[in-house]
$ cat final30.cif   # mmCIF, C-alpha atoms
data_coords
#
loop_
_atom_site.label_atom_id
_atom_site.label_comp_id
_atom_site.auth_asym_id
_atom_site.auth_seq_id
_atom_site.Cartn_x
_atom_site.Cartn_y
_atom_site.Cartn_z
CA MET A 3 -16.35 -84.36 21.79
CA ASN A 4 -19.11 -85.11 19.33
CA TYR A 5 -18.57 -86.40 15.80
CA ARG A 6 -20.28 -86.03 12.44
CA THR A 7 -19.79 -87.63 9.03
CA LEU A 8 -17.81 -85.62 6.47
CA GLY A 9 -19.98 -86.21 3.43
CA LYS A 10 -18.82 -88.74 0.85
CA THR A 11 -15.55 -89.35 2.66
CA GLY A 12 -17.34 -91.31 5.35
CA PHE A 13 -14.84 -89.89 7.85
CA SER A 14 -16.20 -89.41 11.35
CA VAL A 15 -14.81 -85.99 12.26
CA SER A 16 -14.94 -83.97 15.46
CA GLU A 17 -17.53 -81.20 15.46
CA ILE A 18 -14.84 -78.81 16.63
CA SER A 19 -11.77 -79.50 14.53
CA LEU A 20 -8.62 -77.43 14.05
CA GLY A 21 -7.58 -74.92 11.43
CA THR A 22 -3.85 -74.26 11.35
CA TRP A 23 -3.39 -70.94 9.57
CA GLN A 24 -1.85 -69.52 12.76
CA VAL A 25 -0.71 -72.70 14.48
CA GLY A 26 2.82 -72.18 15.75
CA GLY A 27 2.35 -68.43 16.08
CA VAL A 28 -0.17 -65.64 15.66
CA TRP A 29 -0.72 -64.02 12.27
CA GLY A 30 2.46 -62.26 11.26
CA SER A 31 4.72 -63.79 13.92
CA ALA A 32 7.49 -66.35 13.53
CA PHE A 33 6.54 -70.03 13.45
CA SER A 34 7.34 -72.07 16.57
CA ASP A 35 7.58 -75.86 16.27
CA SER A 36 7.23 -76.31 20.02
CA ASN A 37 4.11 -74.18 20.18
CA ALA A 38 2.62 -76.01 17.22
CA GLU A 39 3.30 -79.33 18.94
CA ARG A 40 1.57 -78.18 22.14
CA ILE A 41 -1.46 -76.99 20.20
CA LEU A 42 -1.75 -80.23 18.23
CA GLU A 43 -1.32 -82.42 21.30
CA THR A 44 -3.94 -80.43 23.18
CA ALA A 45 -6.34 -80.81 20.28
CA PHE A 46 -5.79 -84.57 20.18
CA GLU A 47 -6.34 -84.85 23.94
CA GLN A 48 -9.68 -83.07 23.52
CA GLY A 49 -10.85 -85.55 20.89
CA ILE A 50 -10.13 -83.43 17.82
CA ASN A 51 -9.39 -85.81 14.95
CA PHE A 52 -9.50 -83.57 11.88
CA ILE A 53 -6.81 -80.99 11.16
CA ASP A 54 -6.90 -78.59 8.24
CA THR A 55 -3.69 -77.07 6.90
CA ALA A 56 -2.29 -75.70 3.63
CA ASP A 57 1.00 -75.68 1.80
CA VAL A 58 1.27 -71.89 2.14
CA TYR A 59 0.71 -71.60 5.89
CA SER A 60 3.96 -70.31 7.42
CA GLY A 61 5.73 -71.16 4.18
CA GLY A 62 4.94 -74.87 4.54
CA LEU A 63 6.02 -75.16 8.18
CA SER A 64 2.45 -75.64 9.37
CA GLU A 65 1.86 -78.45 6.86
CA LYS A 66 5.10 -80.12 7.90
CA ALA A 67 4.26 -79.91 11.62
CA VAL A 68 0.77 -81.29 11.06
CA GLY A 69 2.11 -84.08 8.85
CA THR A 70 4.64 -85.13 11.49
CA PHE A 71 1.92 -85.14 14.13
CA VAL A 72 -0.58 -87.08 12.03
CA SER A 73 2.04 -89.68 11.12
CA ARG A 74 2.34 -90.49 14.84
CA HIS A 75 -1.43 -90.88 15.10
CA ARG A 76 -2.19 -92.45 11.73
CA GLY A 77 -5.66 -93.92 11.69
CA GLU A 78 -6.76 -91.68 14.57
CA VAL A 79 -6.36 -88.22 13.02
CA ARG A 80 -7.24 -87.05 9.50
CA LEU A 81 -5.17 -84.47 7.63
CA ALA A 82 -6.73 -82.11 5.12
CA THR A 83 -4.49 -79.80 3.16
CA LYS A 84 -5.00 -77.24 0.41
CA CYS A 85 -3.13 -76.35 -2.74
CA GLY A 86 -2.98 -73.61 -5.32
CA ARG A 87 -2.14 -70.48 -3.36
CA ARG A 88 1.57 -70.95 -4.01
CA LEU A 89 0.90 -69.68 -7.52
CA ASP A 90 2.37 -66.23 -8.01
CA PRO A 91 0.42 -64.55 -9.38
CA HIS A 92 -2.58 -66.48 -8.13
CA VAL A 93 -4.56 -66.52 -11.37
CA ALA A 94 -6.75 -69.06 -13.11
CA ALA A 95 -4.19 -69.73 -15.82
CA GLY A 96 -1.80 -71.09 -13.20
CA TYR A 97 -4.17 -73.95 -12.38
CA THR A 98 -3.20 -76.74 -14.75
CA PRO A 99 -3.18 -80.51 -14.40
CA GLU A 100 0.60 -80.28 -14.11
CA SER A 101 0.63 -77.63 -11.39
CA VAL A 102 -2.04 -79.37 -9.31
CA ARG A 103 -0.13 -82.63 -9.52
CA ARG A 104 3.08 -80.88 -8.53
CA PHE A 105 1.46 -79.23 -5.54
CA VAL A 106 0.02 -82.52 -4.29
CA GLU A 107 3.33 -84.32 -4.65
CA ASP A 108 5.05 -81.46 -2.80
CA SER A 109 2.55 -81.80 0.03
CA LEU A 110 3.19 -85.53 0.23
CA ARG A 111 6.91 -84.83 0.67
CA ASN A 112 6.28 -81.99 3.10
CA THR A 113 3.95 -84.03 5.34
CA GLY A 114 5.92 -87.25 5.02
CA LEU A 115 2.69 -89.15 4.38
CA GLU A 116 2.09 -91.76 1.68
CA ARG A 117 -1.44 -90.54 1.07
CA LEU A 118 -3.28 -87.32 1.89
CA ASP A 119 -6.73 -87.81 3.42
CA LEU A 120 -8.24 -84.75 1.75
CA VAL A 121 -6.80 -82.32 -0.78
CA GLN A 122 -8.72 -79.11 -1.42
CA LEU A 123 -8.21 -76.52 -4.12
CA HIS A 124 -7.35 -73.39 -2.15
CA CYS A 125 -9.88 -70.72 -3.12
CA PRO A 126 -9.02 -70.67 -6.83
CA PRO A 127 -10.42 -67.94 -9.10
CA THR A 128 -14.01 -68.60 -10.15
CA GLU A 129 -12.99 -69.59 -13.68
CA VAL A 130 -11.20 -72.69 -12.37
CA TYR A 131 -14.48 -74.26 -11.26
CA TYR A 132 -15.54 -74.37 -14.91
CA ARG A 133 -12.52 -76.39 -16.03
CA PRO A 134 -13.23 -80.14 -15.79
CA GLU A 135 -9.62 -81.08 -16.46
CA ILE A 136 -8.59 -79.75 -13.05
CA PHE A 137 -11.10 -81.97 -11.27
CA GLU A 138 -10.18 -84.90 -13.52
CA THR A 139 -6.60 -84.48 -12.32
CA LEU A 140 -7.77 -84.92 -8.75
CA ASP A 141 -9.46 -88.14 -9.84
CA ARG A 142 -6.19 -89.38 -11.37
CA LEU A 143 -4.34 -88.60 -8.15
CA ARG A 144 -6.92 -90.53 -6.20
CA GLU A 145 -6.62 -93.52 -8.54
CA GLU A 146 -2.85 -93.43 -7.98
CA GLY A 147 -3.36 -93.59 -4.22
CA LYS A 148 -1.85 -90.18 -3.55
CA ILE A 149 -5.04 -88.69 -2.14
CA ALA A 150 -8.03 -90.33 -0.54
CA PHE A 151 -10.58 -87.61 -1.37
CA ALA A 152 -10.82 -84.25 -3.09
CA GLY A 153 -12.55 -81.07 -2.06
CA VAL A 154 -12.51 -77.33 -2.53
CA SER A 155 -12.19 -74.26 -0.38
CA VAL A 156 -14.32 -71.45 -1.78
CA GLU A 157 -14.86 -67.74 -1.34
CA LYS A 158 -18.33 -67.54 -2.88
CA VAL A 159 -21.52 -69.55 -2.59
CA GLU A 160 -21.70 -69.67 -6.38
CA GLU A 161 -18.30 -71.37 -6.50
CA GLY A 162 -19.45 -73.96 -4.00
CA LEU A 163 -22.57 -74.68 -6.03
CA LYS A 164 -20.52 -75.17 -9.18
CA ALA A 165 -17.91 -77.33 -7.42
CA ILE A 166 -20.43 -79.83 -6.10
CA GLU A 167 -21.60 -80.55 -9.63
CA TYR A 168 -18.39 -82.61 -9.93
CA PRO A 169 -19.09 -86.07 -8.46
CA ASN A 170 -15.58 -86.36 -7.01
CA VAL A 171 -15.93 -83.27 -4.81
CA ALA A 172 -16.45 -84.76 -1.36
CA SER A 173 -16.33 -81.58 0.71
CA VAL A 174 -16.54 -77.81 0.52
CA GLN A 175 -14.82 -75.49 2.93
CA ILE A 176 -16.66 -72.19 3.23
CA ILE A 177 -16.91 -69.12 5.45
CA PHE A 178 -20.05 -69.33 7.58
CA ASN A 179 -20.74 -67.48 10.82
CA MET A 180 -23.21 -65.11 12.47
CA PHE A 181 -21.95 -62.40 10.09
CA ARG A 182 -21.90 -64.55 6.93
CA GLN A 183 -25.21 -66.41 6.76
CA ARG A 184 -25.84 -66.78 3.03
CA PRO A 185 -24.45 -70.36 2.77
CA SER A 186 -27.31 -71.63 4.97
CA GLU A 187 -29.75 -70.93 2.18
CA LEU A 188 -29.46 -72.70 -1.18
CA PHE A 189 -25.90 -74.02 -0.75
CA PHE A 190 -26.55 -76.04 2.41
CA ARG A 191 -29.60 -77.66 0.84
CA GLU A 192 -27.75 -78.59 -2.36
CA ALA A 193 -24.71 -79.91 -0.50
CA ARG A 194 -26.89 -82.09 1.70
CA GLY A 195 -28.68 -83.48 -1.34
CA ARG A 196 -25.36 -84.48 -2.91
CA ASN A 197 -23.85 -85.83 0.34
CA VAL A 198 -21.09 -83.21 0.31
CA GLY A 199 -19.39 -82.46 3.61
CA ILE A 200 -19.29 -78.85 4.81
CA ILE A 201 -16.20 -77.57 6.60
CA VAL A 202 -16.76 -74.16 8.17
CA ARG A 203 -13.84 -71.77 8.36
CA VAL A 204 -13.49 -68.22 9.77
CA PRO A 205 -16.21 -69.08 12.33
CA LEU A 206 -15.36 -66.13 14.56
CA ALA A 207 -14.90 -63.56 11.79
CA SER A 208 -11.15 -63.26 12.44
CA GLY A 209 -11.81 -62.81 16.14
CA MET A 210 -14.52 -60.17 15.78
CA LEU A 211 -17.10 -62.57 17.23
CA THR A 212 -15.07 -63.14 20.38
CA GLY A 213 -16.46 -59.81 21.56
CA LYS A 214 -13.00 -58.81 22.81
CA PHE A 215 -12.24 -56.08 20.27
CA THR A 216 -12.84 -52.37 20.78
CA GLU A 217 -12.25 -49.24 18.73
CA LYS A 218 -8.80 -49.06 20.32
CA THR A 219 -7.75 -52.59 19.35
CA THR A 220 -4.72 -52.66 17.06
CA PHE A 221 -2.94 -55.41 15.15
CA GLY A 222 0.65 -55.92 14.07
CA ALA A 223 1.69 -54.69 10.65
CA ASP A 224 2.13 -58.29 9.44
CA ASP A 225 -1.32 -59.36 10.67
CA HIS A 226 -3.90 -59.63 7.88
CA ARG A 227 -6.41 -57.93 10.16
CA ALA A 228 -4.30 -54.81 9.73
CA PHE A 229 -3.27 -54.98 6.08
CA ASN A 230 -6.09 -56.83 4.28
CA ARG A 231 -9.26 -55.07 5.40
CA ASN A 232 -9.96 -53.90 1.86
CA GLY A 233 -8.55 -56.95 0.09
CA GLU A 234 -5.05 -55.57 -0.45
CA ALA A 235 -3.43 -59.03 -0.30
CA PHE A 236 -6.26 -61.54 -0.87
CA ASP A 237 -10.04 -61.69 -0.80
CA LYS A 238 -11.21 -59.23 1.84
CA GLY A 239 -13.90 -61.69 2.87
CA GLU A 240 -11.19 -63.65 4.71
CA THR A 241 -10.63 -60.69 7.06
CA PHE A 242 -13.47 -60.00 9.51
CA SER A 243 -15.69 -61.85 6.99
CA GLY A 244 -15.49 -58.75 4.79
CA ILE A 245 -17.32 -56.53 7.26
CA PRO A 246 -16.00 -52.98 7.85
CA TRP A 247 -14.40 -52.69 11.29
CA GLU A 248 -16.83 -50.15 12.74
CA ASN A 249 -19.92 -52.02 11.51
CA GLY A 250 -18.66 -55.25 12.98
CA LEU A 251 -18.05 -53.69 16.38
CA ARG A 252 -21.56 -52.23 16.46
CA ALA A 253 -23.14 -55.56 15.53
CA VAL A 254 -21.12 -57.34 18.22
CA GLU A 255 -22.42 -54.87 20.80
CA ARG A 256 -25.96 -55.78 19.78
CA LEU A 257 -25.14 -59.46 20.23
CA ARG A 258 -23.64 -58.78 23.64
CA GLU A 259 -26.93 -57.20 24.71
CA VAL A 260 -28.67 -60.51 24.00
CA PHE A 261 -26.20 -63.13 25.17
CA PRO A 262 -24.76 -63.32 28.71
CA LEU A 263 -21.09 -62.89 29.53
CA GLU A 264 -20.90 -66.61 30.29
CA PRO A 265 -20.50 -68.56 28.13
CA PRO A 266 -18.24 -66.21 26.17
CA LEU A 267 -19.62 -64.89 22.91
CA ALA A 268 -17.04 -66.92 20.97
CA LEU A 269 -18.52 -70.18 22.25
CA THR A 270 -22.05 -69.03 21.49
CA ALA A 271 -20.91 -68.18 17.96
CA LEU A 272 -19.45 -71.67 17.51
CA ARG A 273 -22.57 -73.29 18.97
CA TRP A 274 -24.70 -71.27 16.55
CA ILE A 275 -22.80 -72.86 13.64
CA LEU A 276 -23.14 -76.35 15.07
CA ASP A 277 -26.90 -75.88 15.29
CA TYR A 278 -26.96 -76.40 11.51
CA PRO A 279 -26.99 -80.17 10.88
CA GLU A 280 -25.55 -79.72 7.39
CA VAL A 281 -22.25 -78.61 8.93
CA SER A 282 -19.76 -81.47 9.23
CA CYS A 283 -17.25 -79.59 11.35
CA VAL A 284 -15.99 -76.13 12.18
CA ILE A 285 -12.27 -75.35 12.15
CA PRO A 286 -11.42 -72.42 14.42
CA GLY A 287 -7.73 -71.63 14.57
CA ALA A 288 -5.55 -71.40 17.64
CA SER A 289 -2.22 -69.76 18.37
CA ARG A 290 -2.13 -71.14 21.94
CA PRO A 291 -3.24 -74.42 23.56
CA ASP A 292 -5.70 -72.66 25.86
CA GLN A 293 -7.61 -71.41 22.82
CA VAL A 294 -8.13 -75.03 21.74
CA LEU A 295 -9.49 -75.88 25.16
CA SER A 296 -11.85 -72.92 25.05
CA ASN A 297 -13.14 -73.71 21.55
CA CYS A 298 -13.92 -77.29 22.52
CA ARG A 299 -16.29 -76.09 25.23
CA ALA A 300 -18.77 -75.17 22.51
CA VAL A 301 -19.81 -78.81 22.00
CA ASP A 302 -21.09 -78.94 25.58
CA LEU A 303 -23.44 -75.98 25.15
CA ALA A 304 -27.14 -76.49 24.53
CA PRO A 305 -28.38 -75.44 21.09
CA LEU A 306 -29.58 -71.86 20.84
CA SER A 307 -33.32 -71.40 21.24
CA GLU A 308 -35.49 -70.54 18.28
CA LYS A 309 -35.89 -67.04 19.70
CA GLU A 310 -32.13 -66.61 19.96
CA HIS A 311 -31.69 -67.75 16.37
CA GLN A 312 -34.30 -65.23 15.30
CA ILE A 313 -32.47 -62.44 17.12
CA VAL A 314 -29.15 -63.35 15.50
CA ARG A 315 -30.87 -63.37 12.12
CA ARG A 316 -32.45 -59.97 12.78
CA ILE A 317 -29.10 -58.43 13.71
CA TYR A 318 -27.63 -59.91 10.55
CA ASP A 319 -30.47 -58.67 8.35
CA VAL A 320 -30.26 -55.10 9.67
CA ASP A 321 -26.56 -54.52 10.36
CA ILE A 322 -24.63 -56.98 8.20
CA LYS A 323 -26.60 -58.35 5.26
CA PRO A 324 -26.50 -55.18 3.12
CA LEU A 325 -22.69 -55.18 3.41
CA VAL A 326 -21.84 -58.79 2.56
CA HIS A 327 -24.75 -60.93 1.41
CA HIS A 328 -24.53 -60.06 -2.29
CA LEU A 329 -20.71 -60.27 -2.43
CA TRP A 330 -20.04 -63.83 -1.30
#

$ encode --input "final30.cif" --output "structure tokens"
Amino acid sequence: MNYRTLGKTGFSVSEISLGTWQVGGVWGSAFSDSNAERILETAFEQGINFIDTADVYSGGLSEKAVGTFVSRHRGEVRLATKCGRRLDPHVAAGYTPESVRRFVEDSLRNTGLERLDLVQLHCPPTEVYYRPEIFETLDRLREEGKIAFAGVSVEKVEEGLKAIEYPNVASVQIIFNMFRQRPSELFFREARGRNVGIIVRVPLASGMLTGKFTEKTTFGADDHRAFNRNGEAFDKGETFSGIPWENGLRAVERLREVFPLEPPLALTALRWILDYPEVSCVIPGASRPDQVLSNCRAVDLAPLSEKEHQIVRRIYDVDIKPLVHHLW
């Protein structure tokens, strides 16, 4: 495993880290403590030392499992969690100093930890980024020793740019992959200039960039890849990076014409992200231990050539950019 510095936190984090949206089960399935434990142990054995969770994943069960695991490896593994999506409805007015404080204190109880390494606002509405009192609350929580650092998880580049104007924002979690390339423009440059860590989520476009899907692929009714393609439940950019199913499949076929079957396209897609030095870490999810093992292989791949990067950019410009670039 290789390690990079997570911005102002100073944390040395594994290039391939772990996102836990589906840890303990696939999207829509019941949570399994034993499966979560196997996934987390496998990640630790591979050198992964940064785990991202949220209070809403599996109704808090993911956060609890990660907290229990991290407590056994305190000092060796960092826990990042997110708050805000428990609001119902999830609207800007629900973000108050009182609600943010309550969410953080709930996460402390849920994880069993005395201090949270990183607390991120969980994709709040754009208006929230223009309310200094919310970010001041995170400062108060840090002064009280309840959190070590504060960050945000964003949907849009514009939100990330606004967030990093606050000096206490140490990291930004953002969607960035072969099908969502806009962050590599202005946002990466500004984040680097302010020493803000970049955590990349949805690196495989909800599995689209594994190259394993076909027109006949189906998903369970409780899987967001079935019910959220048009943003029915939350921002549609979280599902297949906002790309219509048919367009994504066609673009993947173009990628498969360029890249060999080995290494798998998923690893090439992860390596492509790691080729950007501004990226602190990438957090692919896993519903099985073998997926963790596979993801970690990406750090051993050589960087893509300049020609390969140009080809990926050309496919993006022609097939994907008109669909997503202006939206996020």

$ atom_distance --input "final30.cif" --atom1 "atom CA of Arg76 of chain A" --atom2 "atom CA of Val281 of chain A"
24.5 Å

$ closest_atom_pairs --input "final30.cif" --of "segment 135-219 of chain A" --to "segment 110-117 of chain A" --cutoff "7 Å" --atoms "only C-alpha atoms" --output "Markdown table"
| residue | atom | partner | partner_atom | distance |
| --- | --- | --- | --- | --- |
| A:Gly147 | CA | A:Arg117 | CA | 6.4 |
| A:Lys148 | CA | A:Arg117 | CA | 4.7 |
| A:Ile149 | CA | A:Arg117 | CA | 5.2 |
| A:Ala150 | CA | A:Arg117 | CA | 6.8 |

$ write_last_selection --input "final30.cif" --atoms "C-alpha atoms" --output "PDB file, in the frame of the given file"
ATOM      1  CA  GLY A 147      -3.360 -93.590  -4.220  1.00  0.00           C
ATOM      2  CA  LYS A 148      -1.850 -90.180  -3.550  1.00  0.00           C
ATOM      3  CA  ILE A 149      -5.040 -88.690  -2.140  1.00  0.00           C
ATOM      4  CA  ALA A 150      -8.030 -90.330  -0.540  1.00  0.00           C
TER       5      ALA A 150
END

$ resolve_selection --input "final30.cif" --expression "the PyMOL selection byres ((chain A and resi 176) around 10)" --output "list in words"
Cys125, Val154, Ser155, Val156, Glu157, Lys158, Val159, Glu161, Gly162, Ser173, Val174, Gln175, Ile177, Phe178, Asn179, Arg182, Pro185, Ile200, Ile201, Val202, Arg203, Val204, Pro205 and Val284 of chain A

$ resolve_selection --input "final30.cif" --expression "the PyMOL selection byres ((chain A and resi 172) around 10)" --output "VMD selection string"
chain A and resid 8 to 12 120 to 122 151 to 154 165 to 166 168 to 171 173 to 174 193 196 to 200

$ resolve_selection --input "final30.cif" --expression "the PyMOL selection byres ((chain A and resi 266) around 12)" --output "PyMOL selection string"
chain A and resi 206+211-214+257-258+261-265+267-273+296-297+299-300+303

$ atom_distance --input "final30.cif" --atom1 "atom CA of Glu47 of chain A" --atom2 "atom CA of Lys66 of chain A"
20.3 Å

$ closest_residue --input "final30.cif" --among "A:Arg104, A:Arg6, A:Arg316, A:His75" --to "Ser19 of chain A" --atoms "all atoms listed in the file"
A:Arg6

$ closest_residue --input "final30.cif" --among "A:Glu107, A:Pro246, A:Asp237, A:Asp57" --to "Glu146 of chain A" --atoms "only C-alpha atoms"
A:Glu107

$ residues_around --input "final30.cif" --residues "segment 238-243 of chain A" --least-positions-apart "2" --cutoff "8 Å" --atoms "only C-alpha atoms" --output "list in words"
Glu157, Ile177, Phe181, Arg182, Val204, Ala207, Ser208, Gly209, Met210, His226, Arg227, Asn230, Arg231, Asn232, Gly233, Glu234, Phe236, Ile245, Pro246, Trp247, Gly250 and Trp330 of chain A

$ write_last_selection --input "final30.cif" --atoms "C-alpha atoms" --output "PDB file, in the coordinates of the input"
ATOM      1  CA  GLU A 157     -14.860 -67.740  -1.340  1.00  0.00           C
ATOM      2  CA  ILE A 177     -16.910 -69.120   5.450  1.00  0.00           C
ATOM      3  CA  PHE A 181     -21.950 -62.400  10.090  1.00  0.00           C
ATOM      4  CA  ARG A 182     -21.900 -64.550   6.930  1.00  0.00           C
ATOM      5  CA  VAL A 204     -13.490 -68.220   9.770  1.00  0.00           C
ATOM      6  CA  ALA A 207     -14.900 -63.560  11.790  1.00  0.00           C
ATOM      7  CA  SER A 208     -11.150 -63.260  12.440  1.00  0.00           C
ATOM      8  CA  GLY A 209     -11.810 -62.810  16.140  1.00  0.00           C
ATOM      9  CA  MET A 210     -14.520 -60.170  15.780  1.00  0.00           C
ATOM     10  CA  HIS A 226      -3.900 -59.630   7.880  1.00  0.00           C
ATOM     11  CA  ARG A 227      -6.410 -57.930  10.160  1.00  0.00           C
ATOM     12  CA  ASN A 230      -6.090 -56.830   4.280  1.00  0.00           C
ATOM     13  CA  ARG A 231      -9.260 -55.070   5.400  1.00  0.00           C
ATOM     14  CA  ASN A 232      -9.960 -53.900   1.860  1.00  0.00           C
ATOM     15  CA  GLY A 233      -8.550 -56.950   0.090  1.00  0.00           C
ATOM     16  CA  GLU A 234      -5.050 -55.570  -0.450  1.00  0.00           C
ATOM     17  CA  PHE A 236      -6.260 -61.540  -0.870  1.00  0.00           C
ATOM     18  CA  ILE A 245     -17.320 -56.530   7.260  1.00  0.00           C
ATOM     19  CA  PRO A 246     -16.000 -52.980   7.850  1.00  0.00           C
ATOM     20  CA  TRP A 247     -14.400 -52.690  11.290  1.00  0.00           C
ATOM     21  CA  GLY A 250     -18.660 -55.250  12.980  1.00  0.00           C
ATOM     22  CA  TRP A 330     -20.040 -63.830  -1.300  1.00  0.00           C
TER      23      TRP A 330
END

$ closest_residue --input "final30.cif" --among "A:Gln183, A:Ile18, A:Val79, A:Arg144" --to "Leu329 of chain A" --atoms "all atoms listed in the file"
A:Gln183

$ closest_atom_pairs --input "final30.cif" --of "segment 60-106 of chain A" --to "segment 38-43 of chain A" --cutoff "8 Å" --atoms "all atoms listed in the file" --output "CSV"
residue,atom,partner,partner_atom,distance
A:Ser64,CA,A:Ala38,CA,7.9
A:Ala67,CA,A:Ala38,CA,7.0
A:Val68,CA,A:Leu42,CA,7.7
A:Phe71,CA,A:Leu42,CA,7.4

$ residues_around --input "final30.cif" --residues "Pro126 of chain A" --least-positions-apart "3" --cutoff "7 Å" --atoms "all atoms listed in the file" --output "list in words"
Gly86, Ala94, Leu123 and Val130 of chain A

$ closest_residue --input "final30.cif" --among "A:Ala82, A:Val15, A:Leu306, A:Ile317" --to "Ile53 of chain A" --atoms "all atoms listed in the file"
A:Ala82

$ atom_distance --input "final30.cif" --atom1 "atom CA of Glu187 of chain A" --atom2 "atom CA of Glu160 of chain A"
11.8 Å

$ closest_residue --input "final30.cif" --among "A:Ser307, A:Thr22, A:Ser289, A:Asn249" --to "Ile322 of chain A" --atoms "all atoms listed in the file"
A:Asn249

$ closest_residue --input "final30.cif" --among "A:Ile50, A:Ala304, A:Val314, A:Leu63" --to "Cys283 of chain A" --atoms "all atoms listed in the file"
A:Ile50
